[in-house]
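Data block for protein_20.csv (CSV, C-alpha atoms):
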chain,number,residue,atom,x,y,z
A,135,MET,CA,116.2,-101.2,13.2
A,136,SER,CA,116.5,-97.5,14.1
A,137,LEU,CA,115.3,-94.7,11.9
A,138,ARG,CA,118.3,-92.6,13.0
A,139,GLY,CA,119.3,-90.1,10.3
A,140,GLU,CA,116.3,-90.7,8.1
A,141,VAL,CA,114.2,-87.9,6.5
A,142,CYS,CA,110.5,-88.8,7.2
A,143,VAL,CA,107.3,-87.3,5.7
A,144,VAL,CA,104.0,-87.5,7.6
A,145,THR,CA,100.9,-86.6,5.7
A,146,GLY,CA,97.9,-85.6,7.8
A,147,ALA,CA,100.4,-84.5,10.4
A,148,SER,CA,97.9,-82.2,12.2
A,149,GLY,CA,95.2,-84.9,12.5
A,150,PHE,CA,94.2,-87.2,15.3
A,151,LEU,CA,96.7,-90.0,14.5
A,152,GLY,CA,99.2,-87.8,12.7
A,153,LYS,CA,100.0,-85.7,15.7
A,154,ARG,CA,100.5,-88.8,17.8
A,155,LEU,CA,102.9,-90.4,15.3
A,156,VAL,CA,104.9,-87.2,14.9
A,157,ARG,CA,105.5,-87.0,18.7
A,158,LEU,CA,106.5,-90.7,18.8
A,159,LEU,CA,109.0,-90.2,16.0
A,160,LEU,CA,110.6,-87.3,17.8
A,161,GLU,CA,110.6,-89.1,21.2
A,162,GLU,CA,112.0,-92.4,20.1
A,163,GLU,CA,113.9,-91.9,16.8
A,164,GLU,CA,116.7,-89.5,16.1
A,165,VAL,CA,115.5,-88.7,12.6
A,166,ALA,CA,117.4,-86.0,10.7
A,167,GLU,CA,114.3,-84.2,9.5
A,168,LEU,CA,110.6,-84.6,10.0
A,169,ARG,CA,108.3,-83.1,7.4
A,170,LEU,CA,104.7,-82.2,8.5
A,171,LEU,CA,102.3,-82.2,5.6
A,172,ASP,CA,98.8,-80.9,5.9
A,173,LYS,CA,96.4,-78.4,4.5
A,174,GLN,CA,97.2,-76.3,7.5
A,175,VAL,CA,99.6,-76.8,10.4
A,176,GLN,CA,98.8,-74.9,13.5
A,177,PRO,CA,101.6,-73.0,15.3
A,178,GLN,CA,100.4,-74.6,18.6
A,179,LEU,CA,101.4,-78.0,17.2
A,180,LEU,CA,105.0,-76.9,16.5
A,181,GLN,CA,105.2,-75.3,19.9
A,182,SER,CA,104.0,-78.4,21.6
A,183,LEU,CA,106.8,-80.5,20.0
A,184,GLU,CA,109.6,-78.3,21.2
A,185,ASP,CA,110.1,-80.4,24.4
A,186,CYS,CA,110.9,-83.5,22.4
A,187,ARG,CA,112.3,-82.2,19.1
A,188,GLY,CA,116.0,-82.5,20.0
A,189,ASP,CA,118.2,-82.0,17.0
A,190,THR,CA,115.6,-83.1,14.5
A,191,LYS,CA,114.7,-80.5,11.9
A,192,LEU,CA,111.0,-79.8,11.7
A,193,SER,CA,109.7,-78.7,8.4
A,194,VAL,CA,106.1,-77.6,7.5
A,195,PHE,CA,104.6,-78.2,4.1
A,196,GLU,CA,101.1,-76.8,3.8
A,197,GLY,CA,99.2,-77.6,0.7
A,198,ASP,CA,96.7,-79.9,-1.1
A,199,ILE,CA,97.7,-83.5,-1.6
A,200,ARG,CA,96.0,-83.4,-5.0
A,201,ASP,CA,98.7,-80.9,-6.1
A,202,GLY,CA,101.4,-83.0,-7.8
A,203,ASP,CA,104.1,-80.3,-7.6
A,204,TYR,CA,103.5,-79.8,-3.9
A,205,VAL,CA,103.6,-83.5,-3.2
A,206,ARG,CA,106.8,-84.0,-5.2
A,207,LYS,CA,108.5,-81.1,-3.5
A,208,SER,CA,107.6,-82.5,-0.1
A,209,CYS,CA,109.1,-85.9,-0.9
A,210,ARG,CA,112.4,-84.5,-2.4
A,211,GLY,CA,115.3,-85.9,-0.4
A,212,ALA,CA,113.1,-88.0,1.9
A,213,SER,CA,113.5,-91.7,2.6
A,214,ILE,CA,110.3,-92.7,4.4
A,215,VAL,CA,106.6,-91.6,3.9
A,216,PHE,CA,103.9,-92.2,6.4
A,217,HIS,CA,100.6,-91.6,4.5
A,218,ILE,CA,97.9,-90.9,7.0
A,219,ALA,CA,95.9,-88.1,5.3
A,220,SER,CA,92.4,-89.0,4.0
A,221,ILE,CA,88.8,-87.9,4.1
A,222,ILE,CA,86.9,-90.0,6.7
A,223,ASP,CA,83.2,-90.1,5.9
A,224,VAL,CA,80.7,-92.7,7.2
A,225,THR,CA,77.5,-90.8,6.3
A,226,ASP,CA,78.3,-90.3,2.6
A,227,SER,CA,78.1,-86.5,3.2
A,228,VAL,CA,81.1,-85.8,1.0
A,229,GLU,CA,80.8,-85.7,-2.8
A,230,TYR,CA,82.4,-88.8,-4.4
A,231,SER,CA,84.7,-86.7,-6.6
A,232,GLU,CA,86.1,-84.9,-3.5
A,233,ILE,CA,86.7,-88.1,-1.5
A,234,TYR,CA,88.1,-89.9,-4.5
A,235,GLY,CA,90.4,-87.0,-5.3
A,236,VAL,CA,91.9,-87.0,-1.8
A,237,ASN,CA,91.9,-90.6,-0.9
A,238,VAL,CA,92.8,-92.2,-4.2
A,239,LYS,CA,94.4,-89.6,-6.5
A,240,GLY,CA,96.3,-88.1,-3.6
A,241,THR,CA,97.7,-91.5,-2.8
A,242,GLN,CA,98.7,-92.1,-6.4
A,243,LEU,CA,100.4,-88.7,-6.7
A,244,LEU,CA,102.3,-89.5,-3.5
A,245,LEU,CA,103.4,-92.9,-4.8
A,246,GLU,CA,104.6,-91.3,-8.1
A,247,ALA,CA,106.5,-88.7,-6.2
A,248,CYS,CA,108.2,-91.4,-4.2
A,249,ILE,CA,109.4,-93.0,-7.4
A,250,GLN,CA,110.5,-89.7,-8.9
A,251,GLU,CA,112.3,-88.6,-5.8
A,252,ASN,CA,113.9,-91.9,-4.7
A,253,VAL,CA,111.9,-92.5,-1.5
A,254,VAL,CA,112.3,-96.1,-0.6
A,255,SER,CA,109.7,-96.8,2.2
A,256,PHE,CA,106.0,-96.0,2.2
A,257,ILE,CA,103.5,-96.9,5.0
A,258,TYR,CA,99.9,-96.4,4.1
A,259,THR,CA,97.2,-96.0,6.8
A,260,SER,CA,94.2,-98.0,5.6
A,261,THR,CA,91.2,-99.0,7.7
A,262,VAL,CA,89.3,-102.1,8.9
A,263,GLU,CA,86.4,-100.8,6.8
A,264,VAL,CA,88.0,-102.0,3.6
A,265,MET,CA,86.8,-105.4,4.8
A,266,GLY,CA,83.2,-104.4,5.4
A,267,PRO,CA,81.0,-105.5,7.0
A,268,ASN,CA,79.0,-106.5,3.9
A,269,ALA,CA,75.4,-105.5,3.3
A,270,ARG,CA,74.2,-108.9,4.8
A,271,GLY,CA,75.9,-108.1,8.1
A,272,GLU,CA,77.8,-111.4,8.1
A,273,PRO,CA,80.1,-111.4,11.2
A,274,ILE,CA,83.8,-111.8,11.5
A,275,ILE,CA,85.1,-112.7,15.0
A,276,ASN,CA,88.9,-112.5,15.6
A,277,GLY,CA,89.6,-112.4,11.9
A,278,SER,CA,93.0,-112.4,10.3
A,279,GLU,CA,94.8,-111.3,7.2
A,280,ASP,CA,93.8,-114.7,5.7
A,281,THR,CA,90.1,-114.4,6.4
A,282,VAL,CA,88.0,-114.7,3.2
A,283,TYR,CA,85.0,-112.5,3.2
A,284,GLN,CA,82.5,-111.7,0.5
A,285,CYS,CA,82.0,-107.9,0.5
A,286,ALA,CA,80.8,-105.3,-2.0
A,287,LEU,CA,81.8,-102.1,-0.3
A,288,LYS,CA,79.0,-99.5,-0.1
A,289,PHE,CA,80.6,-96.4,1.5
A,290,ALA,CA,82.6,-94.1,-0.8
A,291,TYR,CA,85.0,-93.9,2.1
A,292,SER,CA,85.7,-97.7,2.3
A,293,LYS,CA,85.8,-98.0,-1.6
A,294,THR,CA,88.3,-95.2,-1.9
A,295,LYS,CA,90.4,-96.5,1.0
A,296,MET,CA,90.5,-100.0,-0.6
A,297,GLU,CA,91.6,-98.7,-4.0
A,298,ALA,CA,94.3,-96.5,-2.4
A,299,GLU,CA,95.5,-99.5,-0.4
A,300,GLN,CA,95.6,-101.7,-3.5
A,301,ARG,CA,97.6,-99.1,-5.4
A,302,THR,CA,100.0,-98.8,-2.5
A,303,LEU,CA,100.6,-102.6,-2.3
A,304,GLN,CA,100.9,-102.9,-6.1
A,305,ALA,CA,103.7,-100.2,-6.0
A,306,HIS,CA,105.9,-102.5,-3.8
A,307,GLY,CA,109.1,-103.3,-5.7
A,308,GLU,CA,108.7,-100.4,-8.2
A,309,VAL,CA,112.1,-99.1,-9.3
A,310,VAL,CA,112.8,-95.5,-8.2
A,311,HIS,CA,114.8,-93.1,-10.4
A,312,ASN,CA,118.2,-93.8,-8.8
A,313,GLY,CA,117.8,-97.6,-9.4
A,314,GLY,CA,116.6,-98.5,-5.9
A,315,ARG,CA,113.3,-100.1,-5.2
A,316,LEU,CA,110.2,-98.8,-3.3
A,317,ALA,CA,109.0,-100.9,-0.4
A,318,THR,CA,105.4,-100.5,0.7
A,319,CYS,CA,103.0,-101.9,3.3
A,320,ALA,CA,99.5,-101.0,4.6
A,321,LEU,CA,98.1,-100.9,8.1
A,322,ARG,CA,94.4,-101.6,8.8
A,323,PRO,CA,93.5,-100.2,12.2
A,324,MET,CA,90.2,-100.9,13.9
A,325,TYR,CA,88.1,-97.9,15.1
A,326,ILE,CA,90.7,-95.6,16.7
A,327,TYR,CA,89.9,-93.9,20.0
A,328,GLY,CA,91.9,-91.8,22.4
A,329,GLU,CA,92.7,-88.2,23.2
A,330,GLY,CA,91.5,-86.1,20.3
A,331,CYS,CA,88.9,-88.5,19.0
A,332,ARG,CA,86.2,-86.3,17.5
A,333,PHE,CA,83.7,-89.2,17.3
A,334,LEU,CA,83.7,-89.6,21.1
A,335,VAL,CA,83.1,-85.9,21.5
A,336,GLY,CA,80.2,-86.1,19.1
A,337,HIS,CA,78.6,-88.9,21.1
A,338,MET,CA,79.2,-86.9,24.3
A,339,GLY,CA,77.4,-83.9,22.7
A,340,ASP,CA,74.4,-86.1,21.7
A,341,GLY,CA,74.3,-87.5,25.2
A,342,ILE,CA,74.3,-84.0,26.7
A,343,ARG,CA,71.3,-83.0,24.5
A,344,ASN,CA,69.6,-86.2,25.7
A,345,LYS,CA,69.9,-85.3,29.4
A,346,ASP,CA,73.2,-87.2,29.8
A,347,VAL,CA,71.9,-90.4,28.4
A,348,LEU,CA,73.8,-91.9,25.4
A,349,TYR,CA,71.8,-93.2,22.4
A,350,ARG,CA,72.0,-96.9,21.7
A,351,MET,CA,72.6,-97.5,18.0
A,352,SER,CA,74.3,-100.9,18.5
A,353,GLN,CA,73.0,-104.2,19.8
A,354,PRO,CA,75.1,-105.4,22.8
A,355,ASP,CA,76.2,-108.5,21.0
A,356,ALA,CA,77.6,-106.6,17.9
A,357,LEU,CA,81.1,-106.9,19.3
A,358,VAL,CA,84.0,-105.0,17.8
A,359,ASN,CA,87.5,-104.3,19.1
A,360,PRO,CA,88.5,-100.6,19.0
A,361,VAL,CA,92.2,-99.7,19.2
A,362,TYR,CA,94.0,-96.9,21.1
A,363,VAL,CA,95.6,-94.2,19.1
A,364,GLY,CA,99.0,-94.6,20.9
A,365,ASN,CA,99.1,-98.2,19.9
A,366,VAL,CA,98.3,-97.4,16.2
A,367,ALA,CA,101.1,-94.9,16.2
A,368,ALA,CA,103.5,-97.5,17.6
A,369,ALA,CA,102.4,-99.9,14.8
A,370,HIS,CA,103.4,-97.3,12.2
A,371,LEU,CA,106.8,-96.9,13.8
A,372,GLN,CA,107.3,-100.7,13.8
A,373,ALA,CA,106.2,-100.9,10.1
A,374,ALA,CA,108.8,-98.2,9.2
A,375,ARG,CA,111.5,-100.0,11.1
A,376,SER,CA,110.7,-103.3,9.3
A,377,LEU,CA,110.7,-101.7,5.9
A,378,THR,CA,114.2,-100.2,6.5
A,379,ASP,CA,115.6,-103.5,7.8
A,380,PRO,CA,117.2,-105.4,4.9
A,381,GLN,CA,116.2,-108.7,6.5
A,382,LYS,CA,112.6,-107.8,7.0
A,383,ARG,CA,112.0,-105.5,4.0
A,384,ASN,CA,110.8,-108.2,1.6
A,385,VAL,CA,108.9,-110.1,4.3
A,386,VAL,CA,106.5,-107.3,5.1
A,387,GLY,CA,106.7,-105.4,1.8
A,388,GLY,CA,103.6,-105.5,-0.3
A,389,LYS,CA,101.4,-106.8,2.6
A,390,PHE,CA,98.7,-105.3,4.8
A,391,TYR,CA,98.3,-105.8,8.6
A,392,PHE,CA,95.4,-105.5,10.9
A,393,VAL,CA,96.2,-103.3,14.0
A,394,SER,CA,94.3,-103.9,17.2
A,395,ASP,CA,95.2,-104.1,20.8
A,396,ASP,CA,93.9,-105.6,24.1
A,397,THR,CA,90.8,-103.3,24.3
A,398,PRO,CA,87.9,-105.5,25.3
A,399,HIS,CA,85.5,-106.6,22.6
A,400,VAL,CA,82.3,-104.5,23.0
A,401,SER,CA,79.7,-102.9,20.8
A,402,TYR,CA,80.2,-99.4,19.5
A,403,SER,CA,77.5,-98.0,21.7
A,404,ASP,CA,78.7,-99.8,24.8
A,405,PHE,CA,82.2,-98.7,24.1
A,406,ASN,CA,81.0,-95.0,24.2
A,407,HIS,CA,79.3,-95.8,27.5
A,408,VAL,CA,82.5,-97.3,29.0
A,409,MET,CA,84.3,-94.1,28.2
A,410,LEU,CA,81.6,-91.7,29.2
A,411,SER,CA,80.0,-93.4,32.2
A,412,PRO,CA,82.8,-92.2,34.6
A,413,LEU,CA,81.6,-88.7,33.7
A,414,GLY,CA,78.0,-89.4,34.7
A,415,PHE,CA,76.5,-90.6,31.4
A,416,GLY,CA,74.0,-93.4,31.2
A,417,ILE,CA,72.9,-95.3,28.1
A,418,GLN,CA,69.6,-96.4,26.6
A,419,GLU,CA,68.9,-100.0,27.5
A,420,LYS,CA,67.5,-100.9,24.0
A,421,LEU,CA,68.0,-99.7,20.5
A,422,MET,CA,66.3,-96.4,19.8
A,423,TYR,CA,64.1,-98.3,17.4
A,424,PRO,CA,63.8,-102.0,16.5
A,425,LEU,CA,66.6,-102.9,14.0
A,426,LEU,CA,64.2,-103.8,11.2
A,427,LEU,CA,62.4,-100.5,11.6
A,428,LEU,CA,65.8,-98.7,11.4
A,429,TYR,CA,66.5,-100.4,8.1
A,430,VAL,CA,63.1,-99.5,6.7
A,431,VAL,CA,63.5,-95.9,7.7
A,432,CYS,CA,67.0,-95.8,6.1
A,433,TYR,CA,65.6,-97.3,2.9
A,434,ILE,CA,62.8,-94.7,2.7
A,435,MET,CA,65.2,-91.9,3.4
A,436,GLN,CA,67.5,-93.1,0.7
A,437,ILE,CA,64.7,-93.1,-1.8
A,438,LEU,CA,63.6,-89.6,-0.8
A,439,CYS,CA,67.1,-88.3,-1.0
A,440,MET,CA,67.6,-89.8,-4.5
A,441,MET,CA,64.4,-88.2,-5.7
A,442,ALA,CA,65.5,-84.8,-4.3
A,443,ARG,CA,69.1,-85.1,-5.6
A,444,PRO,CA,68.5,-83.2,-8.9
A,445,PHE,CA,67.4,-80.2,-6.9
A,446,VAL,CA,69.2,-80.4,-3.5
A,447,ARG,CA,71.7,-82.7,-1.8
A,448,ILE,CA,70.3,-84.0,1.5
A,449,VAL,CA,72.4,-86.2,3.7
A,450,PRO,CA,70.4,-88.3,6.2
A,451,PRO,CA,72.0,-88.9,9.6
A,452,LEU,CA,71.7,-92.6,9.2
A,453,ASN,CA,72.0,-95.0,6.2
A,454,TRP,CA,71.7,-98.7,5.6
A,455,GLN,CA,75.4,-99.4,5.6
A,456,LEU,CA,76.0,-97.4,8.8
A,457,VAL,CA,73.3,-99.3,10.7
A,458,THR,CA,74.9,-102.5,9.4
A,459,MET,CA,78.3,-101.5,10.5
A,460,LEU,CA,77.1,-100.6,14.0
A,461,ASN,CA,75.3,-103.9,14.4
A,462,THR,CA,77.6,-106.5,13.0
A,463,PRO,CA,80.2,-108.4,15.1
A,464,PHE,CA,83.4,-107.5,13.4
A,465,SER,CA,86.8,-108.0,15.1
A,466,PHE,CA,90.4,-108.8,14.1
A,467,SER,CA,93.5,-110.0,15.7
A,468,TYR,CA,96.9,-108.3,15.6
A,469,GLN,CA,98.9,-111.5,15.8
A,470,LYS,CA,100.4,-111.3,12.3
A,471,ALA,CA,101.5,-107.7,12.9
A,472,LYS,CA,103.1,-109.0,16.1
A,473,ARG,CA,104.9,-111.8,14.4
A,474,GLU,CA,106.1,-110.0,11.3
A,475,LEU,CA,106.4,-106.3,12.3
A,476,GLY,CA,107.3,-106.9,15.9
A,477,TYR,CA,104.3,-104.8,17.0
A,478,THR,CA,103.0,-105.1,20.5
A,479,PRO,CA,100.6,-102.7,22.1
A,480,ARG,CA,102.5,-100.0,24.1
A,481,TYR,CA,99.5,-99.1,26.2
A,482,THR,CA,97.4,-101.5,28.3
A,483,TRP,CA,93.6,-101.2,28.2
A,484,ASP,CA,93.6,-99.7,31.7
A,485,GLU,CA,96.1,-97.0,30.7
A,486,ALA,CA,94.3,-96.3,27.4
A,487,ARG,CA,91.0,-96.0,29.1
A,488,ARG,CA,92.4,-93.7,31.8
A,489,ARG,CA,94.0,-91.4,29.4
A,490,THR,CA,90.9,-91.2,27.2
A,491,VAL,CA,88.5,-90.6,30.1
A,492,GLU,CA,90.8,-87.8,31.5
A,493,TRP,CA,90.8,-86.1,28.2
A,494,LEU,CA,87.0,-86.4,27.8
A,495,ALA,CA,86.7,-84.9,31.3
A,496,SER,CA,88.6,-81.9,30.2
A,497,GLU,CA,86.4,-81.6,27.1
A,498,LEU,CA,83.1,-82.0,28.9
A,499,PRO,CA,82.7,-78.4,30.3
A,500,LYS,CA,83.6,-76.9,26.9
A,501,GLU,CA,81.0,-79.2,25.2
A,502,ARG,CA,78.3,-78.3,27.7
A,503,GLU,CA,79.0,-74.6,27.2
A,504,ARG,CA,79.0,-74.9,23.4
A,505,ILE,CA,75.6,-76.7,23.4
A,506,ARG,CA,74.2,-74.1,25.9
A,507,ALA,CA,75.3,-71.3,23.6
A,508,LYS,CA,73.4,-72.6,20.6
Transcribe the structure of this file into structure tokens.
Amino acid sequence: MSLRGEVCVVTGASGFLGKRLVRLLLEEEEVAELRLLDKQVQPQLLQSLEDCRGDTKLSVFEGDIRDGDYVRKSCRGASIVFHIASIIDVTDSVEYSEIYGVNVKGTQLLLEACIQENVVSFIYTSTVEVMGPNARGEPIINGSEDTVYQCALKFAYSKTKMEAEQRTLQAHGEVVHNGGRLATCALRPMYIYGEGCRFLVGHMGDGIRNKDVLYRMSQPDALVNPVYVGNVAAAHLQAARSLTDPQKRNVVGGKFYFVSDDTPHVSYSDFNHVMLSPLGFGIQEKLMYPLLLLYVVCYIMQILCMMARPFVRIVPPLNWQLVTMLNTPFSFSYQKAKRELGYTPRYTWDEARRRTVEWLASELPKERERIRAK
């Protein structure tokens, strides 16, 4: 099903995934208008899209997703919303009110705007972290949408993403003002990598400061399956095509789908090494500290930070949940997305790795210079 003639809204359009989806929509779909929503949209982004814009009208809406009037204005006359914008935080460094306001209230305002402004398709970008891992570090290997898993989410990030996802799926079938119905679905990507991934650059910087040796924070057997950003963008496009197809709309509407690809299953730390070893980086053979000691240190830091909280907010670099996430086997299959959305990875592992390594190679001199200048 083509999106030809549709008016599409992309929140978080200037972000890592948002930019990739925007370009894909312009390259493959003759949409009538593409609205780029973000707090700030750099002119360089618009200039970079001129080669693939064609006859599509590009509109920029800068503002705060917590502003109901701004959100409603951006949805007026639109037919499809891709909601990617969120605060990503795995160290609990962001105040809960801030992350809740953006991730949950912002999503709710956007859903309400869709109903008020007769938007009929809504794709929400969730995350694998709404599943866990739980505090006990119980593994999931090649899980599916039917996997049952006992988890009390600890991160504010995962809690707010789960609530926003639930609100999105509950809104499926809501009657919009002109009498039509809103169709929604949610995508749960694995850890996303590729050109523009700030986490990979962060690990590169840590490695530079450690004489080009990457820190090992994950045990080798804690296997996960990262997913390439180009494939995640392709999954969003397939979700939109499905929601606009009358025959598929009620099949996929109100559901969530895991998004992965054929990237080999590997630990987070070993994945960093796979990407950075062609640039001359090594990796520590063993964990920086024994796993039990890491947990003890995290517990002590948590107690000290709680004691200091009335006077000053201190965010430790590690916490119990982050150590658990980095050391728990946690992988999921994309087979349901393949069957129901028609999603298949656009990029092979070899191509995804090549593109990512080439980008990291271009970033390496800048990162070395930045660290030297400090």
Write out as JSON lines the residues of range 255-304 of chain A that have any atom within 12 Å of an atom of range 222-225 of chain A, one row each with the nearest atom pair and its distance in Å to one decimal, counting only C-alpha atoms, sorted by chain and then rising number.
{"residue": "A:Thr259", "atom": "CA", "partner": "A:Ile222", "partner_atom": "CA", "distance": 11.9}
{"residue": "A:Ser260", "atom": "CA", "partner": "A:Ile222", "partner_atom": "CA", "distance": 10.9}
{"residue": "A:Thr261", "atom": "CA", "partner": "A:Ile222", "partner_atom": "CA", "distance": 10.0}
{"residue": "A:Glu263", "atom": "CA", "partner": "A:Val224", "partner_atom": "CA", "distance": 9.9}
{"residue": "A:Lys288", "atom": "CA", "partner": "A:Val224", "partner_atom": "CA", "distance": 10.1}
{"residue": "A:Phe289", "atom": "CA", "partner": "A:Val224", "partner_atom": "CA", "distance": 6.8}
{"residue": "A:Ala290", "atom": "CA", "partner": "A:Asp223", "partner_atom": "CA", "distance": 7.8}
{"residue": "A:Tyr291", "atom": "CA", "partner": "A:Asp223", "partner_atom": "CA", "distance": 5.7}
{"residue": "A:Ser292", "atom": "CA", "partner": "A:Val224", "partner_atom": "CA", "distance": 8.6}
{"residue": "A:Lys293", "atom": "CA", "partner": "A:Asp223", "partner_atom": "CA", "distance": 11.2}
{"residue": "A:Thr294", "atom": "CA", "partner": "A:Ile222", "partner_atom": "CA", "distance": 10.1}
{"residue": "A:Lys295", "atom": "CA", "partner": "A:Ile222", "partner_atom": "CA", "distance": 9.3}
Exercise. Got a sec: who's within 6 Å of range 235-249 of chain A, counting all atoms listed in the file, leaving out chain neighbours fewer than 4 positions off, as a PyMOL selection string?
Worked result: chain A and resi 199-200+202+206+220+231+253+294+298+310
Exercise. Near Asp404 in chain A, within 12 Å and counting all atoms listed in the file, which residues show up once chain neighbours fewer than 5 positions away are dropped, as a count of residues only?
Worked result: 29
So that I can see what lies close to Tyr327 in chain A, please list as an mmCIF file with C-alpha atoms, in the coordinates of the input the residues with an atom at most 7 Å from it, counting only C-alpha atoms and leaving out residues fewer than 4 positions away in the same chain.
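Listing of around.cif after writing:
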data_model
loop_
_atom_site.group_PDB
_atom_site.id
_atom_site.type_symbol
_atom_site.label_atom_id
_atom_site.label_comp_id
_atom_site.auth_asym_id
_atom_site.auth_seq_id
_atom_site.Cartn_x
_atom_site.Cartn_y
_atom_site.Cartn_z
ATOM 1 C CA CYS A 331 88.900 -88.500 19.000
ATOM 2 C CA PRO A 360 88.500 -100.600 19.000
ATOM 3 C CA VAL A 361 92.200 -99.700 19.200
ATOM 4 C CA TYR A 362 94.000 -96.900 21.100
ATOM 5 C CA VAL A 363 95.600 -94.200 19.100
#
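The residue that comes closest to Val457 in chain A, out of A:Leu171, A:Met422, A:Ile221, A:Ala367 and on the basis of all atoms listed in the file, is A:Met422.
Here CA of Ala374 in chain A is placed at a distance of 17.8 Å from CA of Gln469 in chain A.
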For this session: Please check which residues have atoms at most 9 Å from (118.6, -88.2, 13.6) in the file's coordinates, counting only C-alpha atoms, and write them as a ChimeraX atom specification.
Result: /A:137-141,163-167,188-191
For the residues selected in the previous step, produce a file with C-alpha atoms as a PDB file, in the coordinates of the input.
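Heads up, here's the output in again35.pdb:
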ATOM      1  CA  LEU A 137     115.300 -94.700  11.900  1.00  0.00           C
ATOM      2  CA  ARG A 138     118.300 -92.600  13.000  1.00  0.00           C
ATOM      3  CA  GLY A 139     119.300 -90.100  10.300  1.00  0.00           C
ATOM      4  CA  GLU A 140     116.300 -90.700   8.100  1.00  0.00           C
ATOM      5  CA  VAL A 141     114.200 -87.900   6.500  1.00  0.00           C
ATOM      6  CA  GLU A 163     113.900 -91.900  16.800  1.00  0.00           C
ATOM      7  CA  GLU A 164     116.700 -89.500  16.100  1.00  0.00           C
ATOM      8  CA  VAL A 165     115.500 -88.700  12.600  1.00  0.00           C
ATOM      9  CA  ALA A 166     117.400 -86.000  10.700  1.00  0.00           C
ATOM     10  CA  GLU A 167     114.300 -84.200   9.500  1.00  0.00           C
ATOM     11  CA  GLY A 188     116.000 -82.500  20.000  1.00  0.00           C
ATOM     12  CA  ASP A 189     118.200 -82.000  17.000  1.00  0.00           C
ATOM     13  CA  THR A 190     115.600 -83.100  14.500  1.00  0.00           C
ATOM     14  CA  LYS A 191     114.700 -80.500  11.900  1.00  0.00           C
TER      15      LYS A 191
END
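Straight-line separation from CA of Val393 in chain A to CA of Lys472 in chain A: 9.2 Å.
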